[in-house]
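As structure tokens, the structure follows; a few thoughts come after it.
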Amino acid sequence: MKTFLGFGKVLVLASLFSLTGCGTYNRLVTLEQAVNKKWADVQSVYQRRADLIPNLVSTVAGAANFEKSTLTEVTNARASVGQVKLDPSKAPTDAAELERFQQAQGQLSTALSRLLVVSENYPQLKATEAFQNLQAQLEGTENRISVERNNFNAAVQEYNTALERFPTNMLNKMFGFKPRPFFTAAPGAEKAPEVKFDFNKATPAATP
Amino acid sequence: MRNRSWSLVLGASLAFGAWCLEILRPLALGAAVICSAVFANEAAAAEVIPPKPAAYFNDYANVVPKEKARALNEKLAQVERETSNQLVVAVYRKMETDSDVAGYTQRIAQSWKVGQGEKRNGAVLFVFIDDHKIFIQVGYGLEGALPDVTAFDITERHIKPRFRAGDFAGGLEEGIDLIVKAIRGEYKGTGETVQEKRAPASSGCGPLGFLIMLIIVLTIVRLGRRRGGFGYTGLGGPFISSGWSGWSSSSSSSSSGGGFSGFSGGGGSFGGGGAGSSW
């Protein structure tokens, strides 16, 4: 009779696994793919920003005696962003790795926002169409970064929640699924730069 | 045999116990998840996403004359028929959010699903009269045809000057024309809007429903005859006529000229592309 007791338990557990195992595995694969896809989107918008910078720097450098230190800061920050390249096709599993990436991008954000603040002191530069267009592009890129980061976090949240849920959590170790780290809102540094485009200041004559 | 069923009960209760523990674990994790989820949607607090509009041109602030609004609505519906691009205009009094206009309007456009499915070719021109803000949200599929620089050029150098002069209708019309010009040629239209495509699908049931109704009626009529003909004409008559008129009216309303063209989102999505201005 003892064997029956053991047999019963095994039977119940085995049927549980066979019922949920296959569908669960497929679901986790789908969710993990979604996370990786969103990660690729995040990477591409960050890349888009990096691509804009040479153009921005050359436009700004053309302005008469523009503050050199802010320009070098942007150039350096962009260089250090290039050094913490992560695999664009696979979302990081290591939180520290993502943190390093985030920090480098955050520095670039800070440097860029400083550059735009400094440019306020150069009304002739600000009045040029080239600079205004670059600002619009930069602002659009910051918007895209914030959207894609949110999308990525949402995908990670769904995936991580699925991993933690019963009975998936009993299976995920077996299949080797790992939870993924989120983007975090670091105080100050990682906030999208407060880019204020107040073109009205350049032309005080026009009032709303 | 008794032992066996007992072991099954025990097994089941063990599984249930494990399940309960697993319920508790997410609860404990819940706090952490919520904390991390807060940044996931930064503007969750005190933000109102307005409901999906029923038209292409929506003047909730009453700054455009009715006739003009109707004409612009038809123009935008025609744009979808010809190019499949969904361009929606929404004029509000105020923003109902704590976040910036770019993030707010992105979430609105995303929730409306402006743009057709896989093409994701939607764009929404937002205006907040009291906030003095204009923003063009551009769907993923139109980012190439309507890049940020173009969107910015339209809001800053074309719409803004007219708005400053108080000419809202003129500014909106010029803005619409420029956006339409920019996105024309990117995709091909089918001659129908998303809503018109859906309408025939539902009225496609009409003839079939009519046929089924006819069969039922005829059966009743026949049964009635066999049983000695009780009031079948009184029953059959109205059935036929109501079935017929229901079908014909639904098919004519979707193609009638001079009517109002309604808007239905086609499942598009937005990634933060576009630009805006303040006036």
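Order determines the names: the first chain of the structure tokens is A, the second B, and so forth; residues in each chain are numbered 1 upward, and ligands are numbered 1 upward as they are shown.
The environment of A:Ala61 within 12 Å, counting only C-alpha atoms and disregarding residues fewer than 5 places along the same chain, consists of Ile53, Pro54, Asn55, Leu56, Phe66, Glu67, Lys68, Ser69, Thr70, Leu71, Thr72, Val74, Thr75, Leu115, Ser119, Tyr122, Leu125 and Phe131 of chain A.
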Print the selection's residues with C-alpha atoms to a file, as a PDB file, in the first residue's frame.
ATOM      1  CA  ILE A  53      26.174  63.478 -32.824  1.00  0.00           C
ATOM      2  CA  PRO A  54      28.946  64.046 -35.401  1.00  0.00           C
ATOM      3  CA  ASN A  55      26.526  66.213 -37.383  1.00  0.00           C
ATOM      4  CA  LEU A  56      25.515  68.132 -34.284  1.00  0.00           C
ATOM      5  CA  PHE A  66      31.615  78.046 -29.271  1.00  0.00           C
ATOM      6  CA  GLU A  67      32.614  76.758 -25.843  1.00  0.00           C
ATOM      7  CA  LYS A  68      35.106  73.981 -26.595  1.00  0.00           C
ATOM      8  CA  SER A  69      34.765  72.076 -23.306  1.00  0.00           C
ATOM      9  CA  THR A  70      31.113  71.150 -23.866  1.00  0.00           C
ATOM     10  CA  LEU A  71      31.950  69.870 -27.326  1.00  0.00           C
ATOM     11  CA  THR A  72      34.777  67.654 -26.091  1.00  0.00           C
ATOM     12  CA  VAL A  74      29.935  65.216 -25.922  1.00  0.00           C
ATOM     13  CA  THR A  75      32.596  63.658 -28.133  1.00  0.00           C
ATOM     14  CA  LEU A 115      25.470  71.353 -24.986  1.00  0.00           C
ATOM     15  CA  SER A 119      23.800  76.855 -27.115  1.00  0.00           C
ATOM     16  CA  TYR A 122      24.474  81.698 -29.113  1.00  0.00           C
ATOM     17  CA  LEU A 125      23.552  79.596 -34.009  1.00  0.00           C
ATOM     18  CA  PHE A 131      20.680  73.814 -35.849  1.00  0.00           C
TER      19      PHE A 131
END
Practice task
Looking only at helix (DSSP H, G or I) from DSSP on the backbone, list the matching residues of stretch 39-205 of chain A as a ChimeraX atom specification.
Solution key: /A:39-61,68-83,95-119,123-127,129-164,168-175,199-202
Exercise for the section: May I ask which of the residues A:Asn172, A:Pro179, A:Lys38, A:Glu139 is the closest one to chain B, counting only C-alpha atoms? Expected result: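 Checking each candidate against chain B, we get A:Glu139 as the closest.
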Exercise for the section: Could you check how far atom CA of A:Arg48 sits from atom CA of B:Gly141, in Å to one decimal? Expected result: 16.6 Å
Handout entry: Residue neighbourhood A:Ser44, 12 Å, only C-alpha atoms, exclusion window fewer than 6 positions, as a ChimeraX atom specification
Key = /A:37-38,50-51,85-89,141,144-145,148-149 /B:271
Handout entry: Nearby residues (only C-alpha atoms) at most 9 Å from stretch 163-174 of chain B, same-chain spacing under 6 positions excluded, as a list of chain:residue names
Key = A:Thr207, A:Pro208, B:Val63, B:Val64, B:Pro65, B:Lys68, B:Ala69, B:Leu72, B:Val89, B:Leu125, B:His132, B:Ile154, B:Trp279
Problem - Test item: residues at most 7 Å from A:Gln105, only C-alpha atoms, excluding those fewer than 4 positions along its chain, as a list in words - result: Val81, Phe101 and Ser109 of chain A
Handout entry: Non-local contacts of B:Pro53 (10 Å; only C-alpha atoms; under 2 positions in same chain excluded) as a VMD selection string
Key = chain B and resid 50 to 51 55 to 58 88 to 90 112 262 to 265
Fill in the blank from the handout: The distance between atom CA of A:Ser80 and atom CA of A:Leu98 is 14.6 Å
Exercise for the section: Grab the atom CA of B:Pro147 to atom CA of B:Arg184 distance for me, in Å with one decimal place. Expected result: 13.5 Å
Problem - Contacts of B:Tyr92 at 9 Å (only C-alpha atoms; same-chain gap of 6+ positions) as a VMD selection string - result: chain B and resid 58 to 62 126 to 130
Those residues you just picked out, can you put them in a file as a compact mmCIF listing (two decimals), in the first residue's frame with N, CA and C atoms?
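Contents of part_16.txt, as written:
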# COMPACT_ATOMS: atom_id res chain seq x y z
N ASN B 58 -11.26 65.86 -35.57
CA ASN B 58 -12.00 65.98 -34.31
C ASN B 58 -11.65 67.28 -33.62
N ASP B 59 -12.60 68.19 -33.65
CA ASP B 59 -12.37 69.50 -33.04
C ASP B 59 -13.14 69.56 -31.72
N TYR B 60 -12.51 69.08 -30.66
CA TYR B 60 -13.17 69.08 -29.35
C TYR B 60 -13.15 70.46 -28.70
N ALA B 61 -12.38 71.37 -29.28
CA ALA B 61 -12.25 72.70 -28.68
C ALA B 61 -13.11 73.75 -29.38
N ASN B 62 -13.81 73.31 -30.42
CA ASN B 62 -14.66 74.22 -31.19
C ASN B 62 -13.94 75.46 -31.69
N PHE B 126 -1.90 66.55 -33.16
CA PHE B 126 -2.53 66.96 -31.91
C PHE B 126 -2.40 68.46 -31.73
N VAL B 127 -3.47 69.07 -31.22
CA VAL B 127 -3.40 70.49 -30.86
C VAL B 127 -4.04 70.65 -29.49
N PHE B 128 -3.37 71.36 -28.60
CA PHE B 128 -3.93 71.69 -27.29
C PHE B 128 -4.00 73.20 -27.20
N ILE B 129 -5.22 73.72 -27.40
CA ILE B 129 -5.40 75.16 -27.57
C ILE B 129 -4.90 75.95 -26.37
N ASP B 130 -5.36 75.59 -25.16
CA ASP B 130 -5.00 76.37 -23.98
C ASP B 130 -3.53 76.22 -23.61
Exercise for the section: For each of B:Asn73, B:Ser261, B:Ser84, B:Ser278, take the minimum atom-to-atom distance to chain A, counting only C-alpha atoms, then give the residue where this is smallest. Expected result: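 For chain A, the nearest of the given residues is B:Ser278.
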Counting only C-alpha atoms, which residues in stretch 42-98 of chain A sit no more than 12 Å from stretch 23-33 of chain A? For each one, give the nearest pair of atoms and the distance in Å, sorted by chain then residue number, as CSV.
residue,atom,partner,partner_atom,distance
A:Ser89,CA,A:Gln33,CA,9.7
A:Lys90,CA,A:Gln33,CA,8.7
A:Ala91,CA,A:Glu32,CA,8.9
A:Pro92,CA,A:Glu32,CA,11.4
A:Thr93,CA,A:Glu32,CA,11.2
Save the residues we just selected, C-alpha atoms, as an mmCIF file, in the first residue's frame?
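What follows is the written file part05.cif:
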data_model
loop_
_atom_site.group_PDB
_atom_site.id
_atom_site.type_symbol
_atom_site.label_atom_id
_atom_site.label_comp_id
_atom_site.auth_asym_id
_atom_site.auth_seq_id
_atom_site.Cartn_x
_atom_site.Cartn_y
_atom_site.Cartn_z
ATOM 1 C CA SER A 89 20.322 40.689 -30.756
ATOM 2 C CA LYS A 90 20.121 39.345 -27.213
ATOM 3 C CA ALA A 91 18.934 41.161 -24.119
ATOM 4 C CA PRO A 92 21.496 41.113 -21.300
ATOM 5 C CA THR A 93 20.950 38.667 -18.447
#
